[in-house]
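Enquirer: Sharing protein.txt here; it has compact mmCIF, C-alpha atoms and all ligand atoms.
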```
# COMPACT_ATOMS: atom_id res chain seq x y z
CA MET A 1287 35.95 -53.57 -0.85
CA TYR A 1288 33.56 -51.05 0.80
CA THR A 1289 35.19 -50.24 4.14
CA LEU A 1290 33.96 -48.50 7.25
CA ALA A 1291 36.13 -45.53 6.22
CA ASP A 1292 34.26 -45.35 2.86
CA PHE A 1293 30.96 -45.41 4.71
CA ARG A 1294 32.07 -42.53 6.93
CA VAL A 1295 33.28 -40.45 3.98
CA ASN A 1296 30.03 -41.07 2.08
CA TRP A 1297 27.90 -40.29 5.10
CA TRP A 1298 29.60 -36.95 5.74
CA ALA A 1299 29.51 -36.11 2.02
CA GLY A 1300 25.77 -36.88 2.02
CA ALA A 1301 25.15 -34.99 5.21
CA PHE A 1302 26.76 -31.83 3.83
CA SER A 1303 25.40 -32.01 0.30
CA GLY A 1304 23.29 -29.03 -0.80
CA GLN A 1305 20.04 -30.86 -0.05
CA ALA A 1306 21.09 -31.82 3.46
CA ARG A 1307 22.44 -28.33 4.17
CA GLY A 1308 18.95 -27.06 3.44
CA LYS A 1309 17.72 -29.44 6.13
CA LEU A 1310 20.30 -28.21 8.65
CA LYS A 1311 18.23 -25.20 9.55
CA HIS A 1312 15.27 -24.14 11.58
CA ALA A 1313 15.28 -26.70 14.41
CA ASP A 1314 17.01 -27.93 17.56
CA LEU A 1315 19.84 -30.42 17.18
CA THR A 1316 17.78 -33.55 17.99
CA LEU A 1317 15.18 -32.70 15.40
CA LEU A 1318 17.84 -31.76 12.84
CA TRP A 1319 19.59 -35.07 13.48
CA SER A 1320 16.29 -36.88 12.85
CA SER A 1321 15.70 -34.89 9.67
CA VAL A 1322 19.07 -35.97 8.26
CA THR A 1323 19.37 -39.55 9.52
CA GLY A 1324 15.88 -40.55 10.74
CA HIS A 1325 12.75 -42.17 9.35
CA SER A 1326 10.70 -40.23 6.83
CA PRO A 1327 7.11 -39.29 7.74
CA GLU A 1328 6.00 -40.99 4.51
CA THR A 1329 7.14 -44.40 5.79
CA LYS A 1330 6.25 -44.01 9.45
CA LEU A 1331 2.89 -42.22 9.31
CA ARG A 1332 1.25 -44.09 6.41
CA ARG A 1333 -2.23 -45.42 7.32
CA LEU A 1334 -1.93 -44.17 10.92
CA VAL A 1335 -5.06 -42.54 12.33
CA VAL A 1336 -4.16 -38.95 13.22
CA TRP A 1337 -6.56 -36.58 15.01
CA VAL A 1338 -5.69 -32.91 14.44
CA THR A 1339 -7.41 -30.19 16.46
CA GLY A 1340 -7.39 -26.65 15.05
CA ALA A 1341 -7.45 -28.17 11.54
CA SER A 1342 -9.49 -25.38 9.97
CA SER A 1343 -6.60 -22.96 9.39
CA GLY A 1344 -2.89 -22.26 9.72
CA ILE A 1345 -0.62 -24.98 11.09
CA GLY A 1346 -3.49 -27.46 11.60
CA GLU A 1347 -4.69 -27.06 8.01
CA GLU A 1348 -1.17 -27.61 6.67
CA LEU A 1349 -0.79 -30.63 8.97
CA ALA A 1350 -3.90 -32.09 7.36
CA TYR A 1351 -2.45 -31.62 3.84
CA GLN A 1352 0.97 -33.06 4.59
CA LEU A 1353 -0.45 -35.97 6.60
CA ALA A 1354 -2.87 -36.75 3.77
CA LYS A 1355 0.09 -36.88 1.37
CA CYS A 1356 1.82 -39.29 3.78
CA GLY A 1357 -1.28 -41.52 3.59
CA SER A 1358 -2.41 -40.97 7.19
CA ARG A 1359 -6.13 -41.34 7.90
CA LEU A 1360 -7.45 -38.16 9.47
CA VAL A 1361 -9.85 -36.82 12.05
CA LEU A 1362 -10.19 -33.07 11.48
CA SER A 1363 -11.50 -30.91 14.33
CA ALA A 1364 -12.14 -27.22 15.00
CA ARG A 1365 -15.31 -25.17 15.51
CA ARG A 1366 -15.99 -24.16 11.88
CA GLU A 1367 -17.43 -27.20 10.13
CA ASP A 1368 -17.55 -25.51 6.69
CA GLU A 1369 -13.83 -24.77 6.89
CA LEU A 1370 -13.11 -28.35 7.95
CA ASN A 1371 -15.06 -29.62 4.95
CA ARG A 1372 -13.02 -27.30 2.70
CA VAL A 1373 -9.79 -28.70 4.21
CA LYS A 1374 -11.10 -32.24 3.72
CA ARG A 1375 -11.85 -31.57 0.02
CA CYS A 1376 -8.35 -30.14 -0.48
CA CYS A 1377 -6.82 -33.19 1.26
CA LEU A 1378 -8.70 -35.50 -1.11
CA GLU A 1379 -7.55 -33.47 -4.15
CA ARG A 1380 -3.90 -33.54 -3.05
CA SER A 1381 -3.59 -37.19 -1.96
CA ASN A 1382 -4.67 -40.75 -2.65
CA LEU A 1383 -6.96 -40.80 0.38
CA LYS A 1384 -10.59 -41.78 -0.09
CA GLU A 1385 -13.66 -39.99 1.27
CA GLU A 1386 -13.96 -42.50 4.14
CA ASP A 1387 -10.33 -41.93 5.22
CA ILE A 1388 -11.15 -38.48 6.59
CA LEU A 1389 -13.62 -37.82 9.38
CA VAL A 1390 -14.72 -34.23 9.95
CA LEU A 1391 -15.46 -33.96 13.66
CA PRO A 1392 -16.43 -30.40 14.66
CA LEU A 1393 -15.42 -29.63 18.20
CA ASP A 1394 -15.16 -26.66 20.54
CA LEU A 1395 -12.21 -27.00 22.91
CA LEU A 1396 -14.14 -24.91 25.43
CA GLN A 1397 -17.09 -27.36 25.53
CA ARG A 1398 -15.34 -29.86 27.77
CA THR A 1399 -18.49 -31.88 28.47
CA SER A 1400 -18.59 -32.86 24.79
CA HIS A 1401 -15.03 -34.19 24.62
CA ALA A 1402 -15.70 -37.74 25.85
CA ASP A 1403 -18.30 -38.23 23.10
CA LYS A 1404 -15.99 -36.72 20.47
CA ALA A 1405 -13.16 -39.09 21.40
CA LYS A 1406 -15.62 -42.02 21.37
CA ALA A 1407 -16.89 -40.97 17.92
CA ALA A 1408 -13.34 -40.89 16.51
CA VAL A 1409 -12.53 -44.31 17.97
CA GLN A 1410 -15.83 -45.80 16.79
CA TYR A 1411 -15.15 -44.55 13.26
CA PHE A 1412 -11.54 -45.74 12.85
CA GLY A 1413 -11.29 -48.36 15.64
CA HIS A 1414 -8.46 -46.49 17.38
CA ILE A 1415 -6.38 -43.29 17.38
CA ASP A 1416 -2.65 -43.54 16.69
CA VAL A 1417 -1.71 -39.88 17.01
CA LEU A 1418 -3.48 -36.95 18.67
CA ILE A 1419 -2.13 -33.54 17.65
CA ASN A 1420 -3.33 -30.94 20.16
CA ASN A 1421 -2.95 -27.93 17.89
CA GLY A 1422 -6.05 -25.75 18.39
CA GLY A 1423 -5.46 -22.57 20.35
CA ARG A 1424 -5.32 -18.78 20.35
CA SER A 1425 -2.66 -16.20 21.08
CA GLN A 1426 -2.70 -12.72 22.62
CA ARG A 1427 -1.64 -9.21 21.65
CA SER A 1428 -2.11 -6.91 24.64
CA LEU A 1429 -0.24 -5.41 27.55
CA PHE A 1430 -0.84 -6.93 30.98
CA GLU A 1431 -1.75 -3.59 32.56
CA GLU A 1432 -4.53 -3.03 30.03
CA THR A 1433 -5.88 -6.57 29.83
CA SER A 1434 -9.01 -7.80 31.55
CA LEU A 1435 -8.73 -10.86 33.78
CA ASP A 1436 -11.44 -12.46 31.64
CA VAL A 1437 -8.90 -12.69 28.80
CA TYR A 1438 -6.48 -14.58 31.06
CA GLN A 1439 -9.25 -16.95 32.07
CA ALA A 1440 -10.23 -17.51 28.42
CA LEU A 1441 -6.62 -18.25 27.42
CA MET A 1442 -6.26 -20.79 30.20
CA GLU A 1443 -9.65 -22.39 29.48
CA LEU A 1444 -8.84 -22.78 25.78
CA ASN A 1445 -5.13 -23.45 25.50
CA VAL A 1446 -4.64 -25.35 28.76
CA LEU A 1447 -7.87 -26.96 29.97
CA GLY A 1448 -9.22 -27.61 26.46
CA THR A 1449 -6.00 -29.42 25.54
CA ILE A 1450 -5.83 -31.34 28.82
CA SER A 1451 -9.47 -32.35 28.46
CA ILE A 1452 -9.02 -33.84 24.97
CA THR A 1453 -5.87 -35.60 26.18
CA LYS A 1454 -7.76 -36.97 29.18
CA HIS A 1455 -10.34 -38.59 26.90
CA VAL A 1456 -7.91 -39.95 24.29
CA LEU A 1457 -5.15 -41.29 26.52
CA PRO A 1458 -7.18 -44.24 27.95
CA TYR A 1459 -7.66 -45.61 24.42
CA MET A 1460 -3.88 -45.45 23.95
CA THR A 1461 -2.95 -47.01 27.30
CA GLN A 1462 -5.44 -49.80 26.56
CA ARG A 1463 -3.57 -50.59 23.31
CA GLY A 1464 -0.17 -49.79 24.84
CA SER A 1465 0.74 -47.41 22.03
CA GLY A 1466 0.05 -43.98 20.58
CA SER A 1467 1.41 -40.45 20.34
CA ILE A 1468 0.11 -37.27 21.94
CA VAL A 1469 1.73 -34.28 20.29
CA THR A 1470 0.96 -30.81 21.61
CA VAL A 1471 1.69 -27.60 19.78
CA SER A 1472 3.16 -25.37 22.44
CA SER A 1473 5.30 -22.39 21.36
CA ILE A 1474 8.58 -20.59 21.80
CA ALA A 1475 6.42 -18.71 24.34
CA GLY A 1476 6.14 -22.02 26.24
CA LEU A 1477 9.86 -21.77 26.99
CA VAL A 1478 10.75 -18.08 26.98
CA GLY A 1479 9.01 -14.83 27.93
CA ALA A 1480 7.06 -12.91 25.28
CA PRO A 1481 5.86 -9.29 25.68
CA LEU A 1482 2.23 -8.61 24.68
CA SER A 1483 1.58 -12.30 25.37
CA THR A 1484 1.76 -12.70 29.16
CA GLY A 1485 -1.38 -14.86 29.28
CA TYR A 1486 -0.49 -16.80 26.15
CA ALA A 1487 3.05 -17.47 27.42
CA ALA A 1488 1.60 -18.56 30.78
CA SER A 1489 -0.77 -20.98 29.02
CA LYS A 1490 2.00 -22.49 26.90
CA HIS A 1491 4.37 -22.75 29.90
CA ALA A 1492 1.53 -24.59 31.67
CA LEU A 1493 1.30 -27.05 28.77
CA GLN A 1494 5.06 -27.64 28.88
CA GLY A 1495 4.87 -28.41 32.60
CA PHE A 1496 1.81 -30.59 32.20
CA PHE A 1497 3.15 -32.75 29.37
CA ASN A 1498 6.70 -32.99 30.77
CA SER A 1499 5.16 -34.36 33.98
CA LEU A 1500 2.67 -36.65 32.22
CA ARG A 1501 5.51 -38.15 30.14
CA ILE A 1502 7.26 -39.23 33.34
CA GLU A 1503 4.03 -40.69 34.77
CA LEU A 1504 3.70 -42.82 31.63
CA THR A 1505 7.14 -44.43 31.64
CA GLU A 1506 5.47 -47.86 32.05
CA TYR A 1507 4.13 -47.33 28.50
CA PRO A 1508 7.33 -47.07 26.44
CA ASN A 1509 5.34 -47.03 23.20
CA ILE A 1510 3.33 -43.97 24.14
CA LEU A 1511 5.05 -40.81 22.92
CA ILE A 1512 4.35 -37.49 24.63
CA SER A 1513 5.78 -34.73 22.52
CA THR A 1514 5.68 -30.93 22.65
CA VAL A 1515 6.35 -28.72 19.65
CA CYS A 1516 7.68 -25.21 20.28
CA PRO A 1517 7.49 -23.17 17.07
CA GLY A 1518 8.69 -19.60 16.76
CA PRO A 1519 6.72 -17.24 14.48
CA VAL A 1520 4.96 -19.18 11.69
CA GLN A 1521 2.68 -17.88 8.93
CA SER A 1522 -0.97 -18.46 9.92
CA GLN A 1523 -4.07 -16.66 11.17
CA ILE A 1524 -2.79 -16.62 14.74
CA VAL A 1525 -2.38 -12.84 15.10
CA HIS A 1526 -5.67 -12.17 13.35
CA ASN A 1527 -7.40 -14.49 15.86
CA ALA A 1528 -5.49 -13.36 18.94
CA PHE A 1529 -7.11 -12.16 22.16
CA THR A 1530 -6.64 -8.46 22.96
CA GLU A 1531 -7.37 -6.36 26.06
CA GLU A 1532 -11.06 -7.31 26.11
CA LEU A 1533 -12.67 -10.64 25.27
CA ASN A 1534 -14.40 -9.73 22.03
CA LYS A 1535 -12.17 -6.91 20.81
CA PRO A 1536 -10.42 -7.84 17.54
CA VAL A 1537 -6.74 -7.26 16.84
CA ASN A 1538 -6.18 -3.81 15.37
CA ALA A 1539 -3.66 -4.68 12.63
CA PRO A 1540 -2.80 -8.36 12.21
CA GLY A 1541 0.56 -7.39 10.71
CA LEU A 1542 3.00 -8.76 8.19
CA GLN A 1543 3.89 -12.41 7.77
CA GLU A 1544 6.98 -12.34 5.52
CA HIS A 1545 9.51 -12.59 8.35
CA LYS A 1546 7.79 -15.71 9.73
CA MET A 1547 8.60 -19.32 8.89
CA ALA A 1548 6.58 -20.84 6.05
CA THR A 1549 3.80 -23.03 7.46
CA SER A 1550 4.86 -25.91 5.19
CA ARG A 1551 8.44 -25.89 6.58
CA CYS A 1552 7.24 -25.87 10.20
CA VAL A 1553 4.82 -28.73 9.56
CA ARG A 1554 7.38 -30.82 7.67
CA LEU A 1555 9.74 -30.58 10.66
CA MET A 1556 6.89 -31.46 13.04
CA LEU A 1557 6.12 -34.59 11.04
CA VAL A 1558 9.80 -35.59 10.99
CA GLY A 1559 9.80 -35.21 14.77
CA ILE A 1560 6.64 -37.29 15.19
CA ALA A 1561 7.95 -40.00 12.84
CA ASN A 1562 11.12 -40.24 14.91
CA GLY A 1563 9.68 -39.96 18.42
CA VAL A 1564 11.25 -36.58 19.21
CA LYS A 1565 9.92 -35.51 22.60
CA GLU A 1566 10.47 -31.75 22.38
CA MET A 1567 10.88 -29.87 19.12
CA TRP A 1568 12.19 -26.33 18.70
CA ILE A 1569 11.26 -25.02 15.27
CA ALA A 1570 12.11 -21.45 14.25
CA LYS A 1571 14.04 -19.27 11.88
CA GLN A 1572 17.05 -17.39 13.17
CA PRO A 1573 17.50 -15.29 15.20
CA PHE A 1574 14.61 -16.83 17.17
CA LEU A 1575 16.28 -20.25 17.33
CA PHE A 1576 19.29 -18.62 18.99
CA VAL A 1577 16.98 -17.32 21.75
CA TYR A 1578 15.90 -20.87 22.76
CA TYR A 1579 19.54 -21.88 23.26
CA ALA A 1580 20.46 -18.64 25.03
CA TRP A 1581 17.48 -19.04 27.39
CA GLN A 1582 18.65 -22.56 28.29
CA TYR A 1583 22.38 -21.96 28.64
CA VAL A 1584 22.85 -18.27 29.49
CA PRO A 1585 19.52 -17.14 30.98
CA THR A 1586 20.77 -13.83 32.40
CA PHE A 1587 22.19 -12.83 28.99
CA ALA A 1588 18.98 -14.02 27.29
CA LEU A 1589 16.87 -11.91 29.66
CA PHE A 1590 19.05 -8.86 28.92
CA LEU A 1591 18.71 -9.45 25.16
CA THR A 1592 14.97 -10.15 25.14
CA SER A 1593 14.32 -7.14 27.38
CA LYS A 1594 16.10 -4.90 24.87
CA LEU A 1595 14.16 -6.35 21.93
CA GLY A 1596 10.93 -6.54 23.90
CA ARG A 1597 11.14 -2.87 24.86
CA ARG A 1598 11.11 -1.89 21.18
CA ARG A 1599 8.20 -4.25 20.57
CA VAL A 1600 6.19 -2.69 23.40
CA GLU A 1601 7.03 0.86 22.23
CA ASN A 1602 5.93 0.04 18.68
CA PHE A 1603 2.74 -1.58 19.96
CA ARG A 1604 1.92 1.47 22.11
CA THR A 1605 2.29 3.78 19.13
CA GLY A 1606 0.01 1.58 17.00
CA LEU A 1607 2.74 0.10 14.81
CA ASP A 1608 3.02 -3.50 13.71
CA ALA A 1609 4.67 -5.03 16.77
CA ASP A 1610 5.06 -8.44 15.14
CA ALA A 1611 7.20 -7.38 12.22
CA THR A 1612 9.27 -5.06 14.35
CA TYR A 1613 11.09 -7.18 16.89
CA PHE A 1614 14.41 -6.24 15.37
CA THR A 1615 13.79 -2.94 13.60
CA LYS A 1616 11.85 0.17 14.37
CA ALA A 1617 8.55 0.04 12.52
CA LYS A 1618 7.62 2.59 9.90
CA ARG A 1619 4.13 3.97 9.73
CA SER A 1620 2.33 2.69 6.61
N1 LIG B 1 1.63 -19.28 14.10
C1 LIG B 1 2.55 -19.12 15.02
O1 LIG B 1 3.38 -18.21 14.93
C2 LIG B 1 2.61 -20.08 16.19
C3 LIG B 1 3.79 -20.13 16.93
C4 LIG B 1 3.85 -21.00 18.00
C5 LIG B 1 2.77 -21.79 18.33
N2 LIG B 1 1.63 -21.71 17.60
C6 LIG B 1 0.50 -22.56 18.00
O2 LIG B 1 0.06 -23.27 16.88
C7 LIG B 1 -1.30 -23.65 17.08
C8 LIG B 1 -2.09 -23.37 15.81
O3 LIG B 1 -2.15 -21.98 15.60
P1 LIG B 1 -2.04 -21.30 14.15
O4 LIG B 1 -0.81 -20.51 14.16
O5 LIG B 1 -2.27 -22.27 13.09
O6 LIG B 1 -3.26 -20.25 14.26
P2 LIG B 1 -4.67 -20.18 13.50
O7 LIG B 1 -4.45 -20.11 12.03
O8 LIG B 1 -5.41 -19.07 14.16
O9 LIG B 1 -5.38 -21.58 13.84
C9 LIG B 1 -5.93 -21.82 15.11
C10 LIG B 1 -6.84 -23.02 15.04
O10 LIG B 1 -7.37 -23.24 16.36
C11 LIG B 1 -8.80 -23.44 16.23
N3 LIG B 1 -9.51 -22.99 17.44
C12 LIG B 1 -9.51 -21.76 17.99
N4 LIG B 1 -10.37 -21.73 19.03
C13 LIG B 1 -10.92 -22.98 19.13
C14 LIG B 1 -11.88 -23.58 19.99
N5 LIG B 1 -12.48 -22.89 20.98
N6 LIG B 1 -12.18 -24.88 19.80
C15 LIG B 1 -11.61 -25.59 18.81
N7 LIG B 1 -10.71 -25.08 17.96
C16 LIG B 1 -10.36 -23.79 18.12
C17 LIG B 1 -9.20 -22.60 15.01
O11 LIG B 1 -10.39 -23.13 14.40
P3 LIG B 1 -11.88 -22.57 14.56
O12 LIG B 1 -11.80 -21.08 14.61
O13 LIG B 1 -12.58 -23.10 13.35
O14 LIG B 1 -12.39 -23.18 15.82
C18 LIG B 1 -8.01 -22.83 14.09
O15 LIG B 1 -8.20 -23.99 13.33
C19 LIG B 1 -1.78 -22.87 18.30
O16 LIG B 1 -1.79 -23.73 19.41
C20 LIG B 1 -0.72 -21.81 18.48
O17 LIG B 1 -0.60 -21.39 19.81
C21 LIG B 1 1.53 -20.87 16.54
```
Rewrite the structure of this file - the entire thing - as structure tokens.
Ligand SMILES: NC(=O)c1ccc[n+]([C@@H]2O[C@H](COP(=O)([O-])OP(=O)(O)OC[C@H]3O[C@@H](n4cnc5c(N)ncnc54)[C@H](OP(=O)(O)O)[C@@H]3O)[C@@H](O)[C@H]2O)c1
Expert:
Amino acid sequence: MYTLADFRVNWWAGAFSGQARGKLKHADLTLLWSSVTGHSPETKLRRLVVWVTGASSGIGEELAYQLAKCGSRLVLSARREDELNRVKRCCLERSNLKEEDILVLPLDLLQRTSHADKAKAAVQYFGHIDVLINNGGRSQRSLFEETSLDVYQALMELNVLGTISITKHVLPYMTQRGSGSIVTVSSIAGLVGAPLSTGYAASKHALQGFFNSLRIELTEYPNILISTVCPGPVQSQIVHNAFTEELNKPVNAPGLQEHKMATSRCVRLMLVGIANGVKEMWIAKQPFLFVYYAWQYVPTFALFLTSKLGRRRVENFRTGLDADATYFTKAKRS
């Protein structure tokens, strides 16, 4: 007879098998729990209508591919229509989706007056939106003392107001149906301080505050999920596209990517979190993941530690070295 004791033994054996051990990495405990015991994105996200902003590169592009494989119908948005069409073609090649299952909807997050029409167009096309993933955004690589206030304004306009504006126009369709998910890609910099990214960190902290408050306002809609995703460093074009001291000045050296989490791993964990209704997701390789916990539980120690590491990062940046790859080691000149 199969007893409760057998079940327990089998569960623990399964949980600590090689495959599961691979899963026990890179995320906070709630998300890890979901990845071991929860629903799979393939079962939960199939045929859902998912709108991804920032779908033309990096995390958003990978979201499009993995969602397409799950069978989700997609609305792909960013400014560069040609890149969105490329992503759409790749989605069709890699999945069983049909041409009509993917809507390319070019959109500039800064053009807030266009957002109502964009949301209407998405709803008219598919009838509704199940999941909005607020992913589009830009980062920063510059010291506060050298950075123009225009850069701070641009970061807030894009990362904060652009995201809030899209949310404002999508949420009414969800409250009307009584269901939906709004998932916002924040950052580790939405929870902890990050040198060279004062404006970026401020914008992501603002998003955390906004969505944590909105979630509480929406408690009368138990089937509406408000979720924030806080990734650490992930491979993408984010440094290449970052703001610097002046609005149109490009980043000097976008830097190495090897030490960062693979985009596919980050996105897989995000989809597990969405499939299981996880409200805040921490996704990062060590030692970054340790920093989230330290910041929560031993803030004074975390501030001491991050100041030490941050000082090296600032020194390396000042001398023109790759500040991204050199959080933990002194950079060598190439
Ligand atoms: N990579 C990381 O290490 C990391 C870590 C934590 C959080 N994040 C967050 O992840 C999100 C995605 O970034 P990523 O790493 O994938 O960087 P990325 O490769 O540079 O992608 C950024 C996306 O945002 C879009 N975008 C930029 N400005 C826009 C605008 N004005 N209107 C509409 N779309 C705009 C870009 O498309 P167009 O240029 O075509 O408009 C692009 O698709 C961002 O919110 C970022 O803050 C990234």
Enquirer: Could the residues of range 1381-1473 of chain A that have an atom at most 9 Å from range 1371-1376 of chain A be listed as a Markdown table, each with its closest atom pair and the distance in Å to one decimal, counting all atoms listed in the file and ordered by chain and ascending residue number?
Expert:
```
| residue | atom | partner | partner_atom | distance |
| --- | --- | --- | --- | --- |
| A:Ser1381 | CA | A:Cys1376 | CA | 8.6 |
| A:Glu1385 | CA | A:Lys1374 | CA | 8.5 |
| A:Ile1388 | CA | A:Lys1374 | CA | 6.9 |
| A:Leu1389 | CA | A:Lys1374 | CA | 8.3 |
| A:Val1390 | CA | A:Asn1371 | CA | 6.8 |
```
Enquirer: Taking 4 positions as the minimum chain separation for residues in the same chain, which residues sit within 12 Å of range 1410-1415 of chain A when counting all atoms listed in the file? Answer as a ChimeraX atom specification.
Expert: /A:1333-1338,1358-1361,1386-1391,1403-1406,1419,1453,1455-1468,1510
Enquirer: When you look at Tyr1486 in chain A with a cut-off of 6 Å (counting all atoms listed in the file), what residues show up, excluding the ones that are within fewer than 3 positions of it in the same chain? I need them as a list in words.
Expert: Ser1425, Gln1426, Ser1483 and Ser1489 of chain A
Enquirer: Using CA of Ala1561 in chain A and atom N6 of ligand LIG 1 (chain B) as the two end points, give the distance in Å to one decimal.
Expert: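 Distance between the two atoms: 26.1 Å.
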Enquirer: Which residues of chain A sit at most 8 Å from ligand LIG 1 (chain B), using all atoms listed in the file? Give each one's shortest atom pair and distance in Å (one decimal place), in chain and ascending residue order, as CSV.
Expert:
```
residue,atom,partner,partner_atom,distance
A:Thr1339,CA,B:LIG1,N7,6.3
A:Gly1340,CA,B:LIG1,O15,3.3
A:Ala1341,CA,B:LIG1,O15,4.6
A:Ser1342,CA,B:LIG1,O15,3.9
A:Ser1343,CA,B:LIG1,O15,4.4
A:Gly1344,CA,B:LIG1,O5,3.4
A:Ile1345,CA,B:LIG1,O5,3.8
A:Gly1346,CA,B:LIG1,O5,5.5
A:Glu1347,CA,B:LIG1,O15,7.1
A:Ser1363,CA,B:LIG1,N7,6.9
A:Ala1364,CA,B:LIG1,N7,3.9
A:Arg1365,CA,B:LIG1,O14,3.5
A:Arg1366,CA,B:LIG1,O13,3.9
A:Glu1367,CA,B:LIG1,O13,7.1
A:Glu1369,CA,B:LIG1,O13,6.8
A:Leu1370,CA,B:LIG1,O13,7.6
A:Pro1392,CA,B:LIG1,C15,8.0
A:Leu1393,CA,B:LIG1,C15,5.6
A:Asp1394,CA,B:LIG1,N6,3.5
A:Leu1395,CA,B:LIG1,N6,3.8
A:Leu1396,CA,B:LIG1,N5,5.2
A:Gln1397,CA,B:LIG1,N5,7.9
A:Asn1420,CA,B:LIG1,O16,7.4
A:Asn1421,CA,B:LIG1,O16,4.6
A:Gly1422,CA,B:LIG1,O10,3.5
A:Gly1423,CA,B:LIG1,O16,4.0
A:Arg1424,CA,B:LIG1,O17,5.4
A:Ser1425,CA,B:LIG1,O17,5.7
A:Leu1444,CA,B:LIG1,N5,6.0
A:Asn1445,CA,B:LIG1,O16,7.0
A:Gly1448,CA,B:LIG1,N6,7.8
A:Thr1470,CA,B:LIG1,O16,7.9
A:Val1471,CA,B:LIG1,O16,5.2
A:Ser1472,CA,B:LIG1,C5,5.5
A:Ser1473,CA,B:LIG1,C4,3.9
A:Ile1474,CA,B:LIG1,C4,6.1
A:Ala1475,CA,B:LIG1,C4,7.2
A:Tyr1486,CA,B:LIG1,O17,7.8
A:Lys1490,CA,B:LIG1,O17,7.6
A:Val1515,CA,B:LIG1,C5,7.9
A:Cys1516,CA,B:LIG1,C4,6.1
A:Pro1517,CA,B:LIG1,C4,4.3
A:Gly1518,CA,B:LIG1,C3,4.9
A:Pro1519,CA,B:LIG1,O1,3.5
A:Val1520,CA,B:LIG1,O1,3.7
A:Gln1521,CA,B:LIG1,N1,5.5
A:Ser1522,CA,B:LIG1,O7,4.4
A:Gln1523,CA,B:LIG1,O7,3.6
A:Ile1524,CA,B:LIG1,O8,3.6
A:Val1525,CA,B:LIG1,O8,7.0
A:His1526,CA,B:LIG1,O8,7.0
A:Asn1527,CA,B:LIG1,O8,5.3
A:Ala1528,CA,B:LIG1,O8,7.4
A:Lys1546,CA,B:LIG1,O1,7.3
A:Thr1549,CA,B:LIG1,N1,7.9
```
Enquirer: Quick one: everything within 10 Å of range 1533-1538 of chain A, counting only C-alpha atoms, minus sequence neighbours fewer than 6 positions away in the same chain. Send it as an MDAnalysis selection string.
Expert: chainID A and resid 1426:1428 1433:1441 1525:1527 1606:1608
Enquirer: Find the residue from A:Val1577, A:Thr1505, A:Lys1571, A:Phe1603 that sits nearest to Ala1313 in chain A; use only C-alpha atoms when measuring.
Expert: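 So, comparing all the options, the nearest one is A:Lys1571.
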Enquirer: Name all residues at most 7 Å from Cys1377 in chain A (count all atoms listed in the file; drop same-chain ones fewer than 5 positions away) and give them as a PyMOL selection string.
Expert: chain A and resi 1350-1351+1354
Enquirer: Please put the answer as lines of an AutoDock Vina configuration file: centre and edge lengths, in Å with one decimal, of a box along x, y and z that encloses all listed atoms of range 1420-1426 of chain A plus 4 Å on each side.
Expert:
```
center_x = -4.4
center_y = -21.8
center_z = 20.3
size_x = 11.4
size_y = 26.2
size_z = 12.7
```
Enquirer: Please indicate the distance in Å from CA of Ala1480 in chain A to CA of Arg1598 in chain A, rounded to one decimal place.
Expert: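 Straight-line distance from CA of Ala1480 in chain A to CA of Arg1598 in chain A works out to 12.4 Å.
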Enquirer: May I have a table of the residues of range 1346-1448 of chain A lying at most 8 Å from range 1552-1559 of chain A, giving each one's closest pair of atoms and their distance in Å to one decimal, counting all atoms listed in the file, ordered by chain and ascending residue number, as a Markdown table?
Expert:
```
| residue | atom | partner | partner_atom | distance |
| --- | --- | --- | --- | --- |
| A:Glu1348 | CA | A:Val1553 | CA | 6.7 |
| A:Leu1349 | CA | A:Val1553 | CA | 6.0 |
| A:Gln1352 | CA | A:Arg1554 | CA | 7.5 |
```
Enquirer: Compare A:Leu1482, A:Leu1318, A:Ala1408, A:Leu1493 by their minimum atom-to-atom distance to Asn1602 in chain A, counting all atoms listed in the file, and give me the closest one.
Expert: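 With all atoms listed in the file as the atom set, the closest residue is A:Leu1482.
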Enquirer: Counting all atoms listed in the file, figure out which residue out of A:Arg1398, A:Leu1317, A:Gly1476, A:Asp1610 gets nearest to Pro1540 in chain A.
Expert: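 Among the listed residues, the smallest separation from Pro1540 in chain A belongs to A:Asp1610.
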